[in-house]
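Below is run-v9.pdb, which holds PDB, C-alpha atoms.
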ATOM      1  CA  MET A 187     145.742 150.864 227.442  1.00  0.00           C
ATOM      2  CA  LEU A 188     142.107 151.847 227.839  1.00  0.00           C
ATOM      3  CA  ALA A 189     142.840 155.414 226.751  1.00  0.00           C
ATOM      4  CA  VAL A 190     144.961 154.297 223.798  1.00  0.00           C
ATOM      5  CA  ALA A 191     142.286 151.894 222.570  1.00  0.00           C
ATOM      6  CA  ALA A 192     139.544 154.503 222.912  1.00  0.00           C
ATOM      7  CA  ALA A 193     141.637 157.105 221.088  1.00  0.00           C
ATOM      8  CA  ALA A 194     142.435 154.645 218.290  1.00  0.00           C
ATOM      9  CA  GLY A 195     138.770 153.723 217.917  1.00  0.00           C
ATOM     10  CA  LEU A 196     137.625 157.324 217.742  1.00  0.00           C
ATOM     11  CA  ALA A 197     140.434 158.158 215.314  1.00  0.00           C
ATOM     12  CA  LEU A 198     139.314 155.310 213.070  1.00  0.00           C
ATOM     13  CA  ALA A 199     135.723 156.520 213.137  1.00  0.00           C
ATOM     14  CA  GLY A 200     136.824 160.052 212.316  1.00  0.00           C
ATOM     15  CA  GLY A 201     139.080 158.872 209.517  1.00  0.00           C
ATOM     16  CA  ILE A 202     136.321 156.847 207.890  1.00  0.00           C
ATOM     17  CA  VAL A 203     133.920 159.780 208.038  1.00  0.00           C
ATOM     18  CA  VAL A 204     136.501 162.162 206.543  1.00  0.00           C
ATOM     19  CA  ASP A 205     137.311 159.669 203.781  1.00  0.00           C
ATOM     20  CA  LEU A 206     133.634 159.328 202.905  1.00  0.00           C
ATOM     21  CA  ALA A 207     133.211 163.108 202.887  1.00  0.00           C
ATOM     22  CA  VAL A 208     136.244 163.606 200.638  1.00  0.00           C
ATOM     23  CA  ARG A 209     134.776 161.092 198.196  1.00  0.00           C
ATOM     24  CA  ARG A 210     131.485 163.038 198.339  1.00  0.00           C
ATOM     25  CA  ARG A 211     129.508 160.194 199.849  1.00  0.00           C
ATOM     26  CA  LEU A 212     127.688 162.591 202.135  1.00  0.00           C
ATOM     27  CA  ARG A 213     124.603 160.423 202.414  1.00  0.00           C
ATOM     28  CA  THR A 214     126.753 157.539 203.618  1.00  0.00           C
ATOM     29  CA  VAL A 215     128.426 159.878 206.124  1.00  0.00           C
ATOM     30  CA  VAL A 216     125.052 160.626 207.701  1.00  0.00           C
ATOM     31  CA  GLU A 217     123.988 156.976 207.688  1.00  0.00           C
ATOM     32  CA  ALA A 218     127.311 155.746 209.106  1.00  0.00           C
ATOM     33  CA  ALA A 219     127.282 158.388 211.837  1.00  0.00           C
ATOM     34  CA  ALA A 220     123.710 157.441 212.730  1.00  0.00           C
ATOM     35  CA  GLY A 221     124.620 153.769 212.923  1.00  0.00           C
ATOM     36  CA  PHE A 222     127.642 154.528 215.074  1.00  0.00           C
ATOM     37  CA  ALA A 223     125.558 156.633 217.460  1.00  0.00           C
ATOM     38  CA  VAL A 224     122.680 154.154 217.714  1.00  0.00           C
ATOM     39  CA  ALA A 225     124.859 151.079 218.254  1.00  0.00           C
ATOM     40  CA  GLY A 226     127.193 152.828 220.663  1.00  0.00           C
ATOM     41  CA  THR A 227     124.381 154.362 222.680  1.00  0.00           C
ATOM     42  CA  ALA A 228     122.468 151.081 222.876  1.00  0.00           C
ATOM     43  CA  MET A 229     125.458 149.190 224.261  1.00  0.00           C
ATOM     44  CA  ALA A 230     126.335 152.021 226.643  1.00  0.00           C
ATOM     45  CA  LEU A 231     122.796 152.018 228.051  1.00  0.00           C
ATOM     46  CA  LEU A 232     122.995 148.277 228.639  1.00  0.00           C
ATOM     47  CA  ASP A 233     126.186 148.647 230.671  1.00  0.00           C
ATOM     48  CA  PRO A 234     127.322 152.242 231.320  1.00  0.00           C
ATOM     49  CA  SER A 235     130.353 150.992 233.269  1.00  0.00           C
ATOM     50  CA  ARG A 236     131.962 149.552 230.111  1.00  0.00           C
ATOM     51  CA  PRO A 237     132.209 152.283 227.465  1.00  0.00           C
ATOM     52  CA  LEU A 238     134.487 150.227 225.231  1.00  0.00           C
ATOM     53  CA  GLU A 239     131.601 147.892 224.429  1.00  0.00           C
ATOM     54  CA  GLY A 240     129.711 150.837 223.005  1.00  0.00           C
ATOM     55  CA  LEU A 241     132.779 151.870 221.009  1.00  0.00           C
ATOM     56  CA  VAL A 242     133.207 148.396 219.522  1.00  0.00           C
ATOM     57  CA  ALA A 243     129.521 148.212 218.607  1.00  0.00           C
ATOM     58  CA  GLY A 244     129.679 151.679 217.083  1.00  0.00           C
ATOM     59  CA  LEU A 245     132.744 150.814 215.020  1.00  0.00           C
ATOM     60  CA  ALA A 246     131.165 147.575 213.821  1.00  0.00           C
ATOM     61  CA  SER A 247     128.090 149.487 212.701  1.00  0.00           C
ATOM     62  CA  LEU A 248     130.131 152.277 211.109  1.00  0.00           C
ATOM     63  CA  THR A 249     132.329 149.921 209.092  1.00  0.00           C
ATOM     64  CA  THR A 250     129.262 147.973 207.968  1.00  0.00           C
ATOM     65  CA  VAL A 251     127.444 151.049 206.686  1.00  0.00           C
ATOM     66  CA  ALA A 252     130.618 152.409 205.055  1.00  0.00           C
ATOM     67  CA  GLN A 253     131.145 148.995 203.408  1.00  0.00           C
ATOM     68  CA  LEU A 254     134.850 148.834 204.205  1.00  0.00           C
ATOM     69  CA  GLY A 255     134.933 145.286 202.874  1.00  0.00           C
ATOM     70  CA  ARG A 256     135.401 146.900 199.462  1.00  0.00           C
ATOM     71  CA  ARG A 257     138.372 148.980 200.633  1.00  0.00           C
ATOM     72  CA  PRO A 258     141.280 146.612 201.452  1.00  0.00           C
ATOM     73  CA  ARG A 259     143.479 149.195 203.186  1.00  0.00           C
ATOM     74  CA  TRP A 260     140.705 150.607 205.314  1.00  0.00           C
ATOM     75  CA  ARG A 261     139.546 147.080 206.102  1.00  0.00           C
ATOM     76  CA  MET A 262     143.009 146.180 207.371  1.00  0.00           C
ATOM     77  CA  VAL A 263     143.254 149.324 209.512  1.00  0.00           C
ATOM     78  CA  ALA A 264     139.757 148.775 210.897  1.00  0.00           C
ATOM     79  CA  THR A 265     140.558 145.159 211.767  1.00  0.00           C
ATOM     80  CA  VAL A 266     143.682 146.163 213.670  1.00  0.00           C
ATOM     81  CA  VAL A 267     141.954 148.957 215.574  1.00  0.00           C
ATOM     82  CA  VAL A 268     138.874 146.903 216.473  1.00  0.00           C
ATOM     83  CA  ALA A 269     141.158 144.078 217.615  1.00  0.00           C
ATOM     84  CA  LEU A 270     143.052 146.559 219.811  1.00  0.00           C
ATOM     85  CA  VAL A 271     139.834 147.804 221.370  1.00  0.00           C
ATOM     86  CA  ALA A 272     138.648 144.217 221.861  1.00  0.00           C
ATOM     87  CA  VAL A 273     141.880 143.309 223.653  1.00  0.00           C
ATOM     88  CA  ALA A 274     141.459 146.371 225.846  1.00  0.00           C
ATOM     89  CA  MET A 275     137.933 145.220 226.686  1.00  0.00           C
ATOM     90  CA  VAL A 276     139.218 141.831 227.789  1.00  0.00           C
ATOM     91  CA  PHE A 277     142.042 143.516 229.677  1.00  0.00           C
ATOM     92  CA  VAL A 278     139.589 145.553 231.757  1.00  0.00           C
ATOM     93  CA  GLY A 279     137.448 142.510 232.467  1.00  0.00           C
ATOM     94  CA  SER A 280     134.673 142.530 229.863  1.00  0.00           C
ATOM     95  CA  GLY A 281     135.306 139.022 228.598  1.00  0.00           C
ATOM     96  CA  VAL A 282     135.348 137.478 225.149  1.00  0.00           C
ATOM     97  CA  LEU A 283     131.575 136.997 225.084  1.00  0.00           C
ATOM     98  CA  ALA A 284     131.040 140.709 225.620  1.00  0.00           C
ATOM     99  CA  VAL A 285     133.319 141.439 222.658  1.00  0.00           C
ATOM    100  CA  VAL A 286     131.365 139.070 220.436  1.00  0.00           C
ATOM    101  CA  VAL A 287     128.028 140.516 221.537  1.00  0.00           C
ATOM    102  CA  ALA A 288     129.215 144.070 220.890  1.00  0.00           C
ATOM    103  CA  LEU A 289     130.502 143.170 217.433  1.00  0.00           C
ATOM    104  CA  LEU A 290     127.311 141.350 216.501  1.00  0.00           C
ATOM    105  CA  ALA A 291     125.104 144.130 217.843  1.00  0.00           C
ATOM    106  CA  GLY A 292     127.017 146.728 215.841  1.00  0.00           C
ATOM    107  CA  ARG A 293     126.904 144.602 212.727  1.00  0.00           C
ATOM    108  CA  VAL A 294     123.147 144.132 213.048  1.00  0.00           C
ATOM    109  CA  VAL A 295     122.577 147.861 213.512  1.00  0.00           C
ATOM    110  CA  GLY A 296     124.740 148.626 210.492  1.00  0.00           C
ATOM    111  CA  LEU A 297     122.850 146.164 208.323  1.00  0.00           C
ATOM    112  CA  LEU A 298     119.529 147.575 209.507  1.00  0.00           C
ATOM    113  CA  VAL A 299     120.678 151.073 208.555  1.00  0.00           C
ATOM    114  CA  ARG A 300     121.596 149.836 205.085  1.00  0.00           C
ATOM    115  CA  VAL A 301     118.252 148.053 204.708  1.00  0.00           C
ATOM    116  CA  VAL A 302     116.216 151.045 205.868  1.00  0.00           C
ATOM    117  CA  CYS A 303     118.175 153.669 203.937  1.00  0.00           C
ATOM    118  CA  GLY A 304     119.018 151.543 200.920  1.00  0.00           C
ATOM    119  CA  ALA A 305     122.412 150.838 199.421  1.00  0.00           C
ATOM    120  CA  SER A 306     124.218 153.757 197.820  1.00  0.00           C
ATOM    121  CA  THR A 307     124.561 153.340 194.076  1.00  0.00           C
ATOM    122  CA  THR A 308     128.013 153.055 192.547  1.00  0.00           C
ATOM    123  CA  ARG A 309     126.841 154.032 189.079  1.00  0.00           C
ATOM    124  CA  PRO A 310     128.797 156.981 187.638  1.00  0.00           C
ATOM    125  CA  ARG A 311     126.899 160.127 186.802  1.00  0.00           C
ATOM    126  CA  PRO A 312     126.698 161.233 183.146  1.00  0.00           C
ATOM    127  CA  VAL A 313     129.165 164.021 183.900  1.00  0.00           C
ATOM    128  CA  ASP A 314     131.618 161.423 185.256  1.00  0.00           C
ATOM    129  CA  VAL A 315     131.290 159.355 182.076  1.00  0.00           C
ATOM    130  CA  LEU A 316     131.922 162.429 179.913  1.00  0.00           C
ATOM    131  CA  ALA A 317     134.970 163.374 181.973  1.00  0.00           C
ATOM    132  CA  ALA A 318     136.375 159.844 181.673  1.00  0.00           C
ATOM    133  CA  LEU A 319     135.843 159.849 177.918  1.00  0.00           C
ATOM    134  CA  ARG A 320     137.699 163.136 177.586  1.00  0.00           C
ATOM    135  CA  ARG A 321     140.641 161.663 179.512  1.00  0.00           C
ATOM    136  CA  THR A 322     140.906 159.009 176.783  1.00  0.00           C
ATOM    137  CA  ASP A 323     141.064 161.546 173.924  1.00  0.00           C
ATOM    138  CA  VAL A 324     137.396 161.159 173.033  1.00  0.00           C
ATOM    139  CA  ASP A 325     135.585 164.469 172.556  1.00  0.00           C
ATOM    140  CA  PRO A 326     131.913 163.796 173.383  1.00  0.00           C
ATOM    141  CA  ALA A 327     129.424 166.204 171.865  1.00  0.00           C
ATOM    142  CA  GLU A 328     126.175 164.575 172.987  1.00  0.00           C
ATOM    143  CA  LEU A 329     125.113 161.991 175.548  1.00  0.00           C
ATOM    144  CA  ARG A 330     121.778 160.202 175.674  1.00  0.00           C
ATOM    145  CA  ILE A 331     120.733 157.886 178.482  1.00  0.00           C
ATOM    146  CA  ARG A 332     119.221 154.711 177.118  1.00  0.00           C
ATOM    147  CA  GLU A 333     117.405 151.882 178.847  1.00  0.00           C
ATOM    148  CA  GLY A 334     118.880 150.295 181.936  1.00  0.00           C
ATOM    149  CA  SER A 335     122.572 150.974 182.393  1.00  0.00           C
ATOM    150  CA  ARG A 336     123.465 152.157 178.899  1.00  0.00           C
ATOM    151  CA  MET A 337     124.447 155.557 177.588  1.00  0.00           C
ATOM    152  CA  GLU A 338     124.844 156.509 173.940  1.00  0.00           C
ATOM    153  CA  VAL A 339     127.551 159.062 173.193  1.00  0.00           C
ATOM    154  CA  THR A 340     128.221 160.946 169.959  1.00  0.00           C
ATOM    155  CA  ASP A 341     131.673 162.513 169.659  1.00  0.00           C
ATOM    156  CA  SER A 342     132.656 165.672 167.794  1.00  0.00           C
ATOM    157  CA  ALA A 343     133.568 163.608 164.711  1.00  0.00           C
ATOM    158  CA  GLY A 344     130.065 162.138 164.524  1.00  0.00           C
ATOM    159  CA  ARG A 345     131.047 158.682 165.747  1.00  0.00           C
ATOM    160  CA  HIS A 346     128.676 156.841 168.075  1.00  0.00           C
ATOM    161  CA  LEU A 347     129.691 155.067 171.258  1.00  0.00           C
ATOM    162  CA  LEU A 348     127.603 152.768 173.394  1.00  0.00           C
ATOM    163  CA  VAL A 349     128.625 153.004 177.037  1.00  0.00           C
ATOM    164  CA  GLN A 350     127.634 149.946 179.058  1.00  0.00           C
ATOM    165  CA  ILE A 351     127.775 150.550 182.795  1.00  0.00           C
ATOM    166  CA  LEU A 352     128.892 147.550 184.841  1.00  0.00           C
ATOM    167  CA  ASP A 353     128.401 148.720 188.414  1.00  0.00           C
ATOM    168  CA  ARG A 354     127.206 146.818 191.481  1.00  0.00           C
ATOM    169  CA  ASP A 355     123.606 147.584 190.635  1.00  0.00           C
ATOM    170  CA  HIS A 356     123.771 145.432 187.504  1.00  0.00           C
ATOM    171  CA  ALA A 357     126.978 143.381 187.580  1.00  0.00           C
ATOM    172  CA  GLY A 358     127.423 140.004 189.230  1.00  0.00           C
ATOM    173  CA  ALA A 359     129.695 139.310 192.180  1.00  0.00           C
ATOM    174  CA  VAL A 360     132.857 139.059 190.084  1.00  0.00           C
ATOM    175  CA  LEU A 361     132.118 142.051 187.865  1.00  0.00           C
ATOM    176  CA  ALA A 362     131.151 144.109 190.885  1.00  0.00           C
ATOM    177  CA  LEU A 363     134.722 143.905 192.108  1.00  0.00           C
ATOM    178  CA  TRP A 364     135.854 145.827 189.059  1.00  0.00           C
ATOM    179  CA  ARG A 365     133.709 148.864 189.929  1.00  0.00           C
ATOM    180  CA  ASN A 366     133.894 150.276 186.466  1.00  0.00           C
ATOM    181  CA  ALA A 367     132.083 151.120 183.288  1.00  0.00           C
ATOM    182  CA  ARG A 368     133.394 149.380 180.158  1.00  0.00           C
ATOM    183  CA  LEU A 369     132.727 150.513 176.625  1.00  0.00           C
ATOM    184  CA  ARG A 370     131.446 147.729 174.404  1.00  0.00           C
ATOM    185  CA  GLU A 371     130.833 147.326 170.710  1.00  0.00           C
ATOM    186  CA  GLN A 372     127.235 146.806 169.673  1.00  0.00           C
ATOM    187  CA  ALA A 373     126.821 144.684 166.551  1.00  0.00           C
ATOM    188  CA  GLY A 374     129.167 146.861 164.509  1.00  0.00           C
ATOM    189  CA  ALA A 375     126.911 149.899 164.794  1.00  0.00           C
ATOM    190  CA  PHE A 376     129.175 151.606 167.274  1.00  0.00           C
ATOM    191  CA  ARG A 377     132.926 152.110 167.303  1.00  0.00           C
ATOM    192  CA  TRP A 378     134.716 149.905 169.845  1.00  0.00           C
ATOM    193  CA  CYS A 379     136.752 151.765 172.454  1.00  0.00           C
ATOM    194  CA  PRO A 380     139.455 149.726 174.224  1.00  0.00           C
ATOM    195  CA  PHE A 381     139.479 151.419 177.591  1.00  0.00           C
ATOM    196  CA  VAL A 382     137.793 151.334 180.973  1.00  0.00           C
ATOM    197  CA  VAL A 383     135.874 154.147 182.645  1.00  0.00           C
ATOM    198  CA  ARG A 384     136.153 153.799 186.405  1.00  0.00           C
ATOM    199  CA  SER A 385     133.293 155.019 188.523  1.00  0.00           C
ATOM    200  CA  SER A 386     134.313 157.993 190.671  1.00  0.00           C
ATOM    201  CA  THR A 387     131.568 157.094 193.161  1.00  0.00           C
ATOM    202  CA  ALA A 388     132.755 153.537 193.785  1.00  0.00           C
ATOM    203  CA  ALA A 389     133.576 152.499 197.265  1.00  0.00           C
TER     204      ALA A 389
END
Could you quickly redo this structure as structure tokens?
Amino acid sequence: MLAVAAAAGLALAGGIVVDLAVRRRLRTVVEAAAGFAVAGTAMALLDPSRPLEGLVAGLASLTTVAQLGRRPRWRMVATVVVALVAVAMVFVGSGVLAVVVALLAGRVVGLLVRVVCGASTTRPRPVDVLAALRRTDVDPAELRIREGSRMEVTDSAGRHLLVQILDRDHAGAVLALWRNARLREQAGAFRWCPFVVRSSTAA
């Protein structure tokens, strides 16, 4: 059971890193890997005879930095795997308190990494906005970045669009769950576009 739990934990860590890399969140890959290494090493140094404690702490830190709370499927997989590793810890004699300490230590390290490195923005790049507009049969000819989270787009027909970005940097808790950019009408000066541009960099 020890080997199975360790293999599952390492597979989870690898899967999260690959997923982040595929989504081009390379900065988060580095930060998550650093958190995993720091938390795991710290717990291993405290008690080298119980490597699973280091694995649990590392996974807790990794999932915190990767912000899996925003990815329901990954969150479910992570919960199952961490629970498996925790059961294996108890099975080999670590105790419930050791599990809790490892989880808390990993969580703290992950949060510290996020505080030190800063949260990754979910705001789409201008090129992402242009690509999303083209997918909705809008042919943008010019894009100008305005104040805050707004972009002004002129299409090939001379019509003007105001793109209002509603990402986690500017939206509230409810709007942040949408992880999108919505086009809004501005006092009749801009044509209203009834579609949503989803951020390709959202978690």
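One distance worth recording is that between CA of Gly292 (chain A) and CA of Ala225 (chain A), which is 5.4 Å.
Nearest-residue note for Ala189 (chain A): choosing from A:His346, A:Val278, A:Arg211, A:Val204, the minimum distance belongs to A:Val278, counting all atoms listed in the file.
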- Item | Local residues around (140.8, 147.7, 213.2), at most 10 Å away, using only C-alpha atoms, as a PyMOL selection string | chain A and resi 194-195+198+242+245-246+249+260-272
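In this structure, CA of Arg300 (chain A) sits 13.4 Å away from CA of Val224 (chain A).
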- Item | Residues in the PyMOL selection byres ((chain A and resi 192) around 9), expressed as a ChimeraX atom specification | /A:187-191,193-197,237-238,241,271,274
- Using only C-alpha atoms, pick whichever of A:Arg236, A:Arg320, A:Val208, A:Gly226 has the shortest atom-to-atom distance to Phe277 (chain A). A:Arg236
- Go ahead and compute the interatomic distance for CA of Leu297 (chain A) and CA of Thr250 (chain A), in Å to one decimal. 6.7 Å
